[in-house]
Every structure is written in structure tokens, then in C-alpha cells.
$ cat work_38.pdb   # PDB, C-alpha atoms
ATOM      1  CA  MET A   1      92.442  74.384  39.756
ATOM      2  CA  HIS A   2      91.541  72.642  42.922
ATOM      3  CA  ALA A   3      94.854  73.607  44.507
ATOM      4  CA  ALA A   4      94.491  77.247  43.439
ATOM      5  CA  ARG A   5      91.038  77.454  44.985
ATOM      6  CA  GLN A   6      92.452  76.247  48.259
ATOM      7  CA  PHE A   7      95.326  78.673  48.015
ATOM      8  CA  VAL A   8      93.200  81.818  47.842
ATOM      9  CA  PRO A   9      91.493  81.359  51.218
ATOM     10  CA  LYS A  10      94.892  80.782  52.774
ATOM     11  CA  ILE A  11      96.100  84.148  51.571
ATOM     12  CA  LYS A  12      92.875  85.716  52.782
ATOM     13  CA  MET A  13      93.312  84.040  56.121
ATOM     14  CA  LEU A  14      96.848  85.339  56.361
ATOM     15  CA  VAL A  15      95.716  88.878  55.574
ATOM     16  CA  ILE A  16      92.975  88.635  58.173
ATOM     17  CA  LEU A  17      95.376  87.278  60.778
ATOM     18  CA  LEU A  18      97.926  89.978  60.075
ATOM     19  CA  GLY A  19      95.158  92.538  60.255
ATOM     20  CA  MET A  20      94.151  91.182  63.651
ATOM     21  CA  LEU A  21      97.714  91.583  64.832
ATOM     22  CA  THR A  22      97.636  95.309  64.146
ATOM     23  CA  VAL A  23      94.294  95.610  65.946
ATOM     24  CA  ALA A  24      95.665  93.663  68.889
ATOM     25  CA  HIS A  25      98.632  95.997  69.008
ATOM     26  CA  ALA A  26      96.371  99.054  69.034
ATOM     27  CA  ALA A  27      94.294  97.496  71.786
ATOM     28  CA  VAL A  28      97.364  96.942  73.939
ATOM     29  CA  ALA A  29      98.381 100.565  73.390
ATOM     30  CA  LEU A  30      98.027 101.636  76.982
ATOM     31  CA  ASP A  31      95.113 102.469  79.195
ATOM     32  CA  SER A  32      91.945 104.196  78.220
ATOM     33  CA  LEU A  33      93.558 107.615  78.395
ATOM     34  CA  PRO A  34      92.525 109.723  75.423
ATOM     35  CA  GLN A  35      95.053 110.887  72.849
ATOM     36  CA  PHE A  36      95.846 114.574  73.042
ATOM     37  CA  GLN A  37      94.471 116.670  70.215
ATOM     38  CA  ASP A  38      97.553 118.829  70.509
ATOM     39  CA  SER A  39     100.440 116.851  68.941
ATOM     40  CA  GLU A  40     103.016 118.681  71.093
ATOM     41  CA  LYS A  41     101.268 117.490  74.231
ATOM     42  CA  GLN A  42     101.072 113.961  72.870
ATOM     43  CA  GLN A  43     104.803 114.054  72.129
ATOM     44  CA  LEU A  44     105.586 115.354  75.603
ATOM     45  CA  TYR A  45     103.443 112.634  77.169
ATOM     46  CA  ASP A  46     105.065 109.907  75.049
ATOM     47  CA  GLN A  47     108.516 111.216  75.917
ATOM     48  CA  LEU A  48     107.751 111.363  79.650
ATOM     49  CA  ILE A  49     106.374 107.850  79.954
ATOM     50  CA  ARG A  50     109.499 106.602  78.173
ATOM     51  CA  GLU A  51     111.866 108.475  80.467
ATOM     52  CA  LEU A  52     110.171 107.839  83.798
ATOM     53  CA  ARG A  53     110.859 104.603  85.599
ATOM     54  CA  CYS A  54     108.236 102.400  87.153
ATOM     55  CA  LEU A  55     109.368 101.933  90.744
ATOM     56  CA  VAL A  56     107.666  98.603  91.196
ATOM     57  CA  CYS A  57     109.212  96.837  88.219
ATOM     58  CA  GLN A  58     112.406  98.770  88.246
ATOM     59  CA  ASN A  59     113.761  97.841  84.853
ATOM     60  CA  GLN A  60     110.737  99.088  82.980
ATOM     61  CA  ASN A  61     109.635 102.575  82.160
ATOM     62  CA  LEU A  62     106.088 103.767  82.678
ATOM     63  CA  MET A  63     105.212 102.929  79.095
ATOM     64  CA  ASP A  64     106.309  99.295  79.254
ATOM     65  CA  SER A  65     105.078  98.473  82.717
ATOM     66  CA  ASN A  66     101.606  97.217  83.478
ATOM     67  CA  ALA A  67     102.008  97.503  87.241
ATOM     68  CA  ASP A  68      99.237  99.342  89.050
ATOM     69  CA  LEU A  69     101.585 102.095  90.089
ATOM     70  CA  ALA A  70     102.716 102.614  86.496
ATOM     71  CA  THR A  71      99.075 102.952  85.437
ATOM     72  CA  ASP A  72      98.525 105.548  88.158
ATOM     73  CA  LEU A  73     101.681 107.444  87.273
ATOM     74  CA  ARG A  74     100.710 107.452  83.594
ATOM     75  CA  ARG A  75      97.349 108.851  84.589
ATOM     76  CA  LYS A  76      99.062 111.495  86.702
ATOM     77  CA  THR A  77     101.460 112.362  83.880
ATOM     78  CA  HIS A  78      98.570 112.526  81.428
ATOM     79  CA  GLU A  79      96.671 114.817  83.772
ATOM     80  CA  MET A  80      99.634 117.149  84.242
ATOM     81  CA  VAL A  81     100.390 117.301  80.508
ATOM     82  CA  GLY A  82      96.700 118.028  79.945
ATOM     83  CA  GLN A  83      96.920 120.944  82.384
ATOM     84  CA  GLY A  84      99.619 122.387  80.167
ATOM     85  CA  GLN A  85     102.551 121.682  82.518
ATOM     86  CA  GLU A  86     106.039 121.685  81.019
ATOM     87  CA  TYR A  87     108.529 118.813  80.874
ATOM     88  CA  ASP A  88     110.594 120.237  83.758
ATOM     89  CA  GLN A  89     107.588 120.732  86.013
ATOM     90  CA  ILE A  90     106.406 117.160  85.578
ATOM     91  CA  VAL A  91     109.880 115.688  86.017
ATOM     92  CA  ASP A  92     110.362 117.793  89.175
ATOM     93  CA  PHE A  93     107.034 116.550  90.496
ATOM     94  CA  MET A  94     108.160 112.938  90.091
ATOM     95  CA  VAL A  95     111.693 113.514  91.412
ATOM     96  CA  ASN A  96     110.344 115.314  94.489
ATOM     97  CA  ARG A  97     108.317 112.228  95.316
ATOM     98  CA  TYR A  98     110.394 109.303  94.138
ATOM     99  CA  GLY A  99     113.894 110.768  93.960
ATOM    100  CA  ASN A 100     116.247 110.796  90.992
ATOM    101  CA  PHE A 101     115.776 107.070  90.740
ATOM    102  CA  VAL A 102     112.550 107.691  88.843
ATOM    103  CA  LEU A 103     114.573 109.083  85.938
ATOM    104  CA  TYR A 104     116.018 106.759  83.355
ATOM    105  CA  ARG A 105     118.362 109.587  82.348
ATOM    106  CA  PRO A 106     119.969 110.671  85.613
ATOM    107  CA  PRO A 107     120.767 114.384  86.024
ATOM    108  CA  VAL A 108     124.366 115.593  86.073
ATOM    109  CA  ASN A 109     125.160 116.635  89.643
ATOM    110  CA  PRO A 110     127.918 115.976  92.182
ATOM    111  CA  ALA A 111     126.356 112.629  93.127
ATOM    112  CA  THR A 112     126.398 111.447  89.519
ATOM    113  CA  PHE A 113     129.726 112.909  88.331
ATOM    114  CA  ALA A 114     131.332 109.483  88.592
ATOM    115  CA  LEU A 115     128.469 107.901  86.691
ATOM    116  CA  TRP A 116     128.645 110.376  83.833
ATOM    117  CA  GLY A 117     132.409 110.877  83.929
ATOM    118  CA  LEU A 118     133.730 107.307  84.186
ATOM    119  CA  PRO A 119     132.913 106.256  80.604
ATOM    120  CA  PHE A 120     134.812 109.273  79.300
ATOM    121  CA  ALA A 121     137.663 108.643  81.722
ATOM    122  CA  CYS A 122     137.830 105.047  80.466
ATOM    123  CA  LEU A 123     137.823 106.285  76.883
ATOM    124  CA  VAL A 124     140.732 108.640  77.579
ATOM    125  CA  LEU A 125     142.615 105.899  79.412
ATOM    126  CA  VAL A 126     142.189 103.460  76.528
ATOM    127  CA  ALA A 127     143.197 106.170  74.048
ATOM    128  CA  LEU A 128     146.381 106.798  76.067
ATOM    129  CA  ILE A 129     147.197 103.098  76.181
ATOM    130  CA  VAL A 130     146.632 102.720  72.449
ATOM    131  CA  ALA A 131     148.712 105.819  71.711
ATOM    132  CA  HIS A 132     151.509 104.516  73.910
ATOM    133  CA  TYR A 133     151.407 101.145  72.162
ATOM    134  CA  PHE A 134     151.620 102.657  68.688
ATOM    135  CA  ARG A 135     154.415 104.994  69.678
ATOM    136  CA  ARG A 136     156.438 102.048  70.947
ATOM    137  CA  GLN A 137     155.787 100.106  67.764
ATOM    138  CA  ALA A 138     156.909 103.067  65.692
ATOM    139  CA  THR A 139     160.160 103.501  67.580
ATOM    140  CA  ALA A 140     160.781  99.764  67.519
ATOM    141  CA  SER A 141     160.621  99.635  63.744
ATOM    142  CA  GLU A 142     162.866 102.655  63.401
ATOM    143  CA  VAL A 143     165.811 100.967  65.108
ATOM    144  CA  ILE A 144     168.758 101.437  62.860
ATOM    145  CA  LEU A 145     171.455  98.825  63.054
ATOM    146  CA  SER A 146     174.977  99.904  63.414
ATOM    147  CA  THR A 147     177.233  98.887  60.553
ATOM    148  CA  GLU A 148     178.926  96.363  62.760
ATOM    149  CA  SER A 149     175.677  94.648  63.765
ATOM    150  CA  LEU A 150     174.642  94.601  60.142
ATOM    151  CA  HIS A 151     177.844  92.809  59.205
ATOM    152  CA  GLN A 152     177.296  90.379  62.022
ATOM    153  CA  ALA A 153     173.703  89.736  60.989
ATOM    154  CA  ASN A 154     174.712  89.147  57.421
ATOM    155  CA  ARG A 155     177.408  86.758  58.494
ATOM    156  CA  LEU A 156     175.003  84.831  60.654
ATOM    157  CA  LEU A 157     172.542  84.609  57.824
ATOM    158  CA  GLY A 158     175.303  83.079  55.781
ATOM    159  CA  GLU A 159     175.267  85.746  53.155
ATOM    160  CA  SER A 160     178.432  87.061  51.746
ATOM    161  CA  ASP A 161     179.521  90.171  53.463
ATOM    162  CA  PRO A 162     179.910  92.742  50.723
ATOM    163  CA  GLU A 163     182.810  94.414  52.497
ATOM    164  CA  SER A 164     184.797  91.359  53.412
TER
ATOM    165  CA  MET B   1     157.177  91.957  89.977
ATOM    166  CA  LYS B   2     156.684  93.628  86.678
ATOM    167  CA  LEU B   3     154.167  96.414  86.264
ATOM    168  CA  ARG B   4     152.691  94.439  83.376
ATOM    169  CA  THR B   5     151.593  91.648  85.716
ATOM    170  CA  VAL B   6     150.607  93.906  88.598
ATOM    171  CA  ILE B   7     148.162  96.104  86.655
ATOM    172  CA  PRO B   8     145.707  93.361  85.609
ATOM    173  CA  PHE B   9     145.760  92.047  89.158
ATOM    174  CA  VAL B  10     144.978  95.472  90.604
ATOM    175  CA  VAL B  11     142.198  95.995  88.033
ATOM    176  CA  PHE B  12     140.757  92.594  88.909
ATOM    177  CA  CYS B  13     140.787  93.383  92.628
ATOM    178  CA  LEU B  14     139.099  96.754  92.078
ATOM    179  CA  LEU B  15     136.403  95.145  89.947
ATOM    180  CA  ALA B  16     135.881  92.403  92.521
ATOM    181  CA  VAL B  17     135.466  94.973  95.300
ATOM    182  CA  PHE B  18     132.948  97.029  93.300
ATOM    183  CA  LEU B  19     130.974  93.964  92.255
ATOM    184  CA  THR B  20     130.857  92.665  95.820
ATOM    185  CA  ILE B  21     129.533  96.009  97.045
ATOM    186  CA  GLY B  22     127.068  96.082  94.154
ATOM    187  CA  LEU B  23     125.775  92.605  94.931
ATOM    188  CA  ASN B  24     125.082  93.542  98.523
ATOM    189  CA  LEU B  25     123.113  96.677  97.720
ATOM    190  CA  ASP B  26     119.346  96.350  97.644
ATOM    191  CA  PRO B  27     118.026  98.034  94.505
ATOM    192  CA  ARG B  28     114.553  98.092  96.061
ATOM    193  CA  LYS B  29     115.757 100.569  98.655
ATOM    194  CA  VAL B  30     115.190 103.796  96.850
ATOM    195  CA  PRO B  31     116.302 106.684  99.065
ATOM    196  CA  SER B  32     113.244 108.764  99.784
ATOM    197  CA  PRO B  33     113.586 112.453  99.045
ATOM    198  CA  PHE B  34     111.129 113.140 101.866
ATOM    199  CA  ILE B  35     113.313 112.425 104.883
ATOM    200  CA  GLY B  36     113.733 115.712 106.750
ATOM    201  CA  ASN B  37     111.149 117.429 104.586
ATOM    202  CA  PRO B  38     107.566 118.453 105.343
ATOM    203  CA  ALA B  39     104.942 115.778 104.760
ATOM    204  CA  PRO B  40     102.787 116.525 101.718
ATOM    205  CA  GLU B  41      99.404 118.066 102.427
ATOM    206  CA  PHE B  42      96.326 115.922 102.061
ATOM    207  CA  SER B  43      92.646 116.106 102.694
ATOM    208  CA  LEU B  44      91.083 112.659 102.790
ATOM    209  CA  PRO B  45      87.866 111.030 103.944
ATOM    210  CA  VAL B  46      88.028 108.913 107.085
ATOM    211  CA  LEU B  47      86.913 105.308 106.688
ATOM    212  CA  GLN B  48      83.263 104.785 107.651
ATOM    213  CA  SER B  49      82.645 108.352 108.667
ATOM    214  CA  GLY B  50      81.310 111.337 106.849
ATOM    215  CA  HIS B  51      84.128 113.761 107.496
ATOM    216  CA  THR B  52      87.503 114.444 105.912
ATOM    217  CA  ILE B  53      90.733 115.130 107.673
ATOM    218  CA  SER B  54      93.875 116.962 106.618
ATOM    219  CA  LEU B  55      97.546 117.014 107.538
ATOM    220  CA  GLN B  56      96.980 120.070 109.736
ATOM    221  CA  ASP B  57      94.872 117.976 112.120
ATOM    222  CA  PHE B  58      97.962 115.962 113.062
ATOM    223  CA  LYS B  59     100.252 118.881 113.873
ATOM    224  CA  GLY B  60     101.565 118.940 117.407
ATOM    225  CA  LYS B  61     102.237 115.257 117.930
ATOM    226  CA  VAL B  62     104.442 112.509 116.634
ATOM    227  CA  TRP B  63     102.546 109.933 114.584
ATOM    228  CA  LEU B  64     102.968 106.975 112.293
ATOM    229  CA  LEU B  65     101.422 106.847 108.858
ATOM    230  CA  ASN B  66     100.985 103.267 107.700
ATOM    231  CA  VAL B  67      99.974 102.693 104.083
ATOM    232  CA  TRP B  68      98.052  99.452 103.669
ATOM    233  CA  ALA B  69      95.456  97.655 101.586
ATOM    234  CA  SER B  70      93.343  94.563 102.078
ATOM    235  CA  TRP B  71      94.722  93.095  98.833
ATOM    236  CA  CYS B  72      98.301  93.455 100.061
ATOM    237  CA  ALA B  73      99.686  90.188 101.406
ATOM    238  CA  ALA B  74     102.669  91.778 103.123
ATOM    239  CA  CYS B  75     100.307  94.067 105.044
ATOM    240  CA  ARG B  76      98.847  90.984 106.675
ATOM    241  CA  ASP B  77     102.353  89.962 107.785
ATOM    242  CA  GLU B  78     103.040  93.179 109.629
ATOM    243  CA  HIS B  79      99.575  93.645 111.056
ATOM    244  CA  HIS B  80     100.116  91.849 114.361
ATOM    245  CA  LEU B  81     103.090  94.121 115.042
ATOM    246  CA  LEU B  82     100.925  97.170 114.513
ATOM    247  CA  ASN B  83      98.307  95.675 116.845
ATOM    248  CA  THR B  84     100.960  95.130 119.502
ATOM    249  CA  LEU B  85     102.292  98.645 119.081
ATOM    250  CA  ALA B  86      98.781 100.092 119.298
ATOM    251  CA  ARG B  87      98.160  98.281 122.590
ATOM    252  CA  GLU B  88     101.224  99.903 124.112
ATOM    253  CA  ASN B  89      99.735 103.314 123.402
ATOM    254  CA  ILE B  90     103.040 104.982 122.608
ATOM    255  CA  VAL B  91     102.125 106.678 119.403
ATOM    256  CA  ASP B  92      99.124 107.339 117.160
ATOM    257  CA  ILE B  93      99.060 105.008 114.176
ATOM    258  CA  VAL B  94      97.150 106.438 111.261
ATOM    259  CA  GLY B  95      96.254 104.087 108.421
ATOM    260  CA  LEU B  96      96.178 105.123 104.795
ATOM    261  CA  ASN B  97      93.946 102.641 103.031
ATOM    262  CA  TYR B  98      95.418 102.526  99.543
ATOM    263  CA  LYS B  99      93.315 101.765  96.460
ATOM    264  CA  ASP B 100      90.960  99.486  98.294
ATOM    265  CA  ALA B 101      87.244  98.811  98.344
ATOM    266  CA  GLU B 102      85.638 100.201 101.496
ATOM    267  CA  SER B 103      83.886  96.932 102.362
ATOM    268  CA  ASP B 104      87.132  94.959 101.929
ATOM    269  CA  ALA B 105      88.970  97.375 104.188
ATOM    270  CA  VAL B 106      86.274  97.225 106.868
ATOM    271  CA  ASN B 107      86.156  93.421 106.781
ATOM    272  CA  TRP B 108      89.925  93.201 106.946
ATOM    273  CA  LEU B 109      90.067  95.356 110.072
ATOM    274  CA  ALA B 110      87.217  93.410 111.649
ATOM    275  CA  GLU B 111      89.040  90.162 111.009
ATOM    276  CA  LEU B 112      92.596  91.145 111.984
ATOM    277  CA  GLY B 113      91.987  93.914 114.486
ATOM    278  CA  ASN B 114      92.221  97.660 114.085
ATOM    279  CA  PRO B 115      95.421  99.273 115.355
ATOM    280  CA  TYR B 116      94.652 102.626 113.750
ATOM    281  CA  THR B 117      93.416 105.727 115.523
ATOM    282  CA  LYS B 118      92.081 106.815 112.138
ATOM    283  CA  VAL B 119      91.990 105.229 108.718
ATOM    284  CA  LEU B 120      92.223 107.626 105.795
ATOM    285  CA  VAL B 121      90.844 106.491 102.477
ATOM    286  CA  ASP B 122      92.854 107.005  99.295
ATOM    287  CA  ARG B 123      90.676 105.388  96.656
ATOM    288  CA  THR B 124      92.534 106.736  93.610
ATOM    289  CA  GLY B 125      96.069 106.428  94.947
ATOM    290  CA  ASP B 126      96.772 110.132  94.375
ATOM    291  CA  ALA B 127      97.605 110.862  98.009
ATOM    292  CA  ALA B 128      99.975 107.883  98.002
ATOM    293  CA  ILE B 129     101.694 109.232  94.874
ATOM    294  CA  ASN B 130     102.206 112.503  96.756
ATOM    295  CA  TYR B 131     103.938 110.518  99.478
ATOM    296  CA  GLY B 132     106.094 108.682  96.941
ATOM    297  CA  VAL B 133     104.560 105.337  97.870
ATOM    298  CA  TYR B 134     105.504 102.523  95.519
ATOM    299  CA  GLY B 135     105.437  99.371  97.574
ATOM    300  CA  VAL B 136     102.717  98.835 100.154
ATOM    301  CA  PRO B 137     103.004  98.511 103.049
ATOM    302  CA  GLU B 138     105.000 101.638 103.805
ATOM    303  CA  THR B 139     105.364 103.322 107.160
ATOM    304  CA  PHE B 140     106.291 106.959 107.797
ATOM    305  CA  VAL B 141     107.376 108.523 111.085
ATOM    306  CA  ILE B 142     106.132 112.119 111.096
ATOM    307  CA  ASP B 143     107.073 114.549 113.850
ATOM    308  CA  ASP B 144     105.023 117.203 115.653
ATOM    309  CA  ARG B 145     105.936 119.851 113.079
ATOM    310  CA  GLY B 146     104.812 117.643 110.199
ATOM    311  CA  ILE B 147     108.335 116.704 109.083
ATOM    312  CA  ILE B 148     108.891 113.169 107.792
ATOM    313  CA  GLN B 149     111.658 111.686 109.915
ATOM    314  CA  PHE B 150     111.791 108.138 108.649
ATOM    315  CA  LYS B 151     110.251 105.892 106.071
ATOM    316  CA  HIS B 152     110.161 102.122 105.925
ATOM    317  CA  ILE B 153     109.197 100.322 102.732
ATOM    318  CA  GLY B 154     107.761  96.844 103.024
ATOM    319  CA  PRO B 155     106.346  95.010 106.023
ATOM    320  CA  LEU B 156     107.497  96.094 109.467
ATOM    321  CA  THR B 157     109.656  93.621 111.331
ATOM    322  CA  PRO B 158     110.452  93.518 115.056
ATOM    323  CA  ASP B 159     114.003  94.649 114.161
ATOM    324  CA  VAL B 160     112.890  97.666 112.173
ATOM    325  CA  LEU B 161     110.373  98.593 114.828
ATOM    326  CA  GLY B 162     112.798  98.162 117.710
ATOM    327  CA  GLN B 163     115.902  99.623 116.150
ATOM    328  CA  GLU B 164     114.649 102.268 113.748
ATOM    329  CA  ILE B 165     111.154 103.373 114.596
ATOM    330  CA  LEU B 166     110.705 103.205 118.386
ATOM    331  CA  PRO B 167     114.003 104.992 119.213
ATOM    332  CA  ARG B 168     113.093 107.765 116.779
ATOM    333  CA  ILE B 169     109.643 108.142 118.284
ATOM    334  CA  HIS B 170     111.155 108.253 121.762
ATOM    335  CA  ASN B 171     113.660 110.941 120.755
ATOM    336  CA  LEU B 172     111.033 113.007 119.003
ATOM    337  CA  GLN B 173     108.617 112.791 121.921
ATOM    338  CA  ASN B 174     111.333 113.611 124.450
ATOM    339  CA  PRO B 175     113.574 116.137 122.715
ATOM    340  CA  ASN B 176     115.188 117.175 126.011
ATOM    341  CA  ASP B 177     116.486 113.744 126.979
TER
END

$ encode --input "work_38.pdb" --output "C-alpha cells"
Amino acid sequence: MHAARQFVPKIKMLVILLGMLTVAHAAVALDSLPQFQDSEKQQLYDQLIRELRCLVCQNQNLMDSNADLATDLRRKTHEMVGQGQEYDQIVDFMVNRYGNFVLYRPPVNPATFALWGLPFACLVLVALIVAHYFRRQATASEVILSTESLHQANRLLGESDPES
Amino acid sequence: MKLRTVIPFVVFCLLAVFLTIGLNLDPRKVPSPFIGNPAPEFSLPVLQSGHTISLQDFKGKVWLLNVWASWCAACRDEHHLLNTLARENIVDIVGLNYKDAESDAVNWLAELGNPYTKVLVDRTGDAAINYGVYGVPETFVIDDRGIIQFKHIGPLTPDVLGQEILPRIHNLQNPND
């Protein structure tokens, strides 16, 4: 009985602690910017801050970064989404100021052909090598021995040559 | 030599060359899309004065725009260079005080000297966003038509000043040389 009584508060404590974790998570959820009433706008905003790079901490997007600049750019993005601007308009705004580097998903243009094309080129190259390898294997196994070589092989293996 | 042994060697060499180039690139140097393009418009209050000033007020002469803040340690490093440049009276240096408290900015200039002909105040950082600023200090060379000719990110050094900025200013001020 004594043990059970001690056990209950532990469970309670665990529930409370887990509950605090979710609150903490909500509290970390970015800035004091209000959620959009319009779910489409909220989606657009969430998408943009995932796809735009923070230029101060270059391996983080705007959502993950807590640099001052990221905060400002989130505010700017929020403001533009609030004004009803489209995805392309906001991305153009950022690219015009920070260059394509601000995009985590670089655009396809002559400067990035190599970037986008090389993985596919590598894939084709590997496919060719694999195809070549299998073709060689196939022909290798199809080698048919001449009757004479067969006799010779049999003799070497010490088996009785059926024709001798 | 057999092709079989040559190919891995060639691939290795190619990789080594690319990696060496990659290691020597500075990822902090983001090419600015502004070079050769008109400077973004602004209308900003001038530090410790009642009036605002806009880009139009700078048309007709070559000038430097230096983005700084009192909380920025690297700004302190470059400040003596700006003071020296200001004393030589070659070019107008305009400060853009970025996300700073007015009293901090004023104290900073009183302590270290004021090389700026004017200090614009960008409390929110919006004007700096329009200029694509991401690492203070940043310095822009803007020509008489309001075109951005050069941008330096990070503290100015004697090398950058002597090799990149001063020659450009000279060429822009004396187009017929």
C-alpha cells in the first residue's frame, strides 16, 4: 500500500512534466507574431520561413534561426503575407536583396544547370556502368566450349572421356 | 597503363581539384545582386536632428554608405579607418545606424569620433533589409546616379580601402581620366 501511494504521485509528476514540455514547445514557437486567421496565409508563411535561408547562420532557415536578422526577415515575411502578397512576390523580394543564396531550393537557370544536372548525369553514368557490367557477365556465362576443349577439360578432370 | 587503373586516378584528381577549390571559397561572401543596380530608395531620420533625408538628396555625387551599430564589435575595428578617410575629405561618408539606441549611437560617436557627414537612423532594420544587409558593418560605394558600384561586407581593412574602394571612388569622380 505504501509503495502504491508513492507510485501515484510519480505518475502525476510525469504527466505534469510532459505537459510542461508541450507548453515549453509552444512558447518557443517563434516570435510574438500573431497566427494568421486565414489558414492559406499561415501555410504560405510557414512554407516561406522554411525555404528562406538566414544569411547570418547560413545553414539554418528563417524558422530555425534565432539570429536578429532572421527575426527581422520573419517579421518582413509575415508583413508581406499579411498584405496578401503571393509566394513569388515574396521570394522575388528576398532574392532581389540577398541573391539566390537566400533560397534553400535554388532556381533552375544557366548558373545552376550543373547543380541540378550533375546528380542525374551521375545516375545515368552509374546505370551505364551497371548495364555494361551485366552485359559482360551475361556473355561470359554464355561461352560455349568447343567439343575439343570439352574433351580436354574432361581429360584434365580425370573423368572418362565418353568418346574415347 | 590499363584504363581500369587510370579511371579511378583521374576521378580522384578531379575530386581533389574540386575540393581544393571548394575549401578556398568563402561561403560568407554572398554575391550581392545590387552591384550595378540602383540603390534602393529610403527616407530616414537623421541622428539628433528633426528632419528626414532620402536617397534623392545624395544624387549628383559619389558617396559611401557605411552600415554600423554601437553593439557591433567589428564596427569598432574599422572605425579608425573611416576617421582617417574622413580627414582626407575625398568622399562623403554617410552612416546608417542599424538597430541601435539613439543614446548609444551618440555616445559611441562622441567616444570614437564621427567620420560621417550624416548619420541616418534605421531603428527597425527595414532600410537595411532593403539594402540586403546581413552582416554589419557593410560599406557601399554609390555613384552620382545612385547606382551601387561596390559592396564590402565586414570591417574595412587598409587593403580593401586601398585596392577596392579608393580606386573606384577615384574613377567615378574622374570619369574622363

$ closest_atom_pairs --input "work_38.pdb" --of "chain B" --to "chain A" --cutoff "12 Å" --atoms "all atoms listed in the file" --output "tab-separated table"
residue	atom	partner	partner_atom	distance
B:Asp26	CA	A:Gln58	CA	11.9
B:Pro27	CA	A:Gln58	CA	8.4
B:Arg28	CA	A:Gln58	CA	8.1
B:Lys29	CA	A:Phe101	CA	10.2
B:Val30	CA	A:Phe101	CA	7.0
B:Pro31	CA	A:Gly99	CA	7.0
B:Ser32	CA	A:Gly99	CA	6.2
B:Pro33	CA	A:Gly99	CA	5.4
B:Phe34	CA	A:Arg97	CA	7.2
B:Ile35	CA	A:Arg97	CA	10.8
B:Asn37	CA	A:Asn96	CA	10.3
B:Pro38	CA	A:Asn96	CA	11.6
B:Ala39	CA	A:Arg97	CA	10.6
B:Pro40	CA	A:Arg97	CA	9.5
B:Tyr98	CA	A:Leu69	CA	11.3
B:Lys99	CA	A:Asp68	CA	9.8
B:Arg123	CA	A:Asp72	CA	11.6
B:Thr124	CA	A:Asp72	CA	8.2
B:Gly125	CA	A:Asp72	CA	7.3
B:Asp126	CA	A:Asp72	CA	7.9
B:Ala127	CA	A:Arg97	CA	11.1
B:Ala128	CA	A:Arg97	CA	9.8
B:Ile129	CA	A:Arg97	CA	7.3
B:Asn130	CA	A:Arg97	CA	6.3
B:Tyr131	CA	A:Arg97	CA	6.3
B:Gly132	CA	A:Arg97	CA	4.5
B:Val133	CA	A:Tyr98	CA	8.0
B:Tyr134	CA	A:Leu55	CA	6.2
B:Gly135	CA	A:Val56	CA	6.8
B:Val136	CA	A:Val56	CA	10.2
B:Ile153	CA	A:Val56	CA	11.8
B:Gly154	CA	A:Val56	CA	12.0

$ atom_distance --input "work_38.pdb" --atom1 "CA of Lys151 in chain B" --atom2 "CA of Ile90 in chain B"
18.1 Å

$ atom_distance --input "work_38.pdb" --atom1 "CA of Val126 in chain A" --atom2 "CA of Lys2 in chain B"
20.2 Å

$ closest_residue --input "work_38.pdb" --among "B:Phe150, B:Leu112, B:Arg168, B:Phe9" --to "Asp77 in chain B" --atoms "all atoms listed in the file"
B:Leu112

$ closest_residue --input "work_38.pdb" --among "B:Gln173, B:Asn66, B:Gln48, B:Gln149" --to "Asn107 in chain B" --atoms "only C-alpha atoms"
B:Gln48

$ residues_around --input "work_38.pdb" --residues "Asp177 in chain B" --least-positions-apart "6" --cutoff "12 Å" --atoms "all atoms listed in the file" --output "list in words"
Pro167, His170 and Asn171 of chain B

$ closest_residue --input "work_38.pdb" --among "B:Asp104, B:Asp144, B:Glu78, B:Glu111" --to "Asp92 in chain B" --atoms "only C-alpha atoms"
B:Asp144

$ resolve_selection --input "work_38.pdb" --expression "the PyMOL selection byres ((chain A and resi 47) around 12)" --output "list of chain:residue names"
A:Glu40, A:Lys41, A:Gln42, A:Gln43, A:Leu44, A:Tyr45, A:Asp46, A:Leu48, A:Ile49, A:Arg50, A:Glu51, A:Leu52, A:Arg53, A:Asn61, A:Leu62, A:Met63, A:Arg74, A:Thr77, A:His78, A:Val81, A:Glu86, A:Tyr87, A:Ile90, A:Val91, A:Leu103, A:Tyr104, A:Arg105

$ atom_distance --input "work_38.pdb" --atom1 "CA of Ala153 in chain A" --atom2 "CA of Thr139 in chain A"
20.4 Å
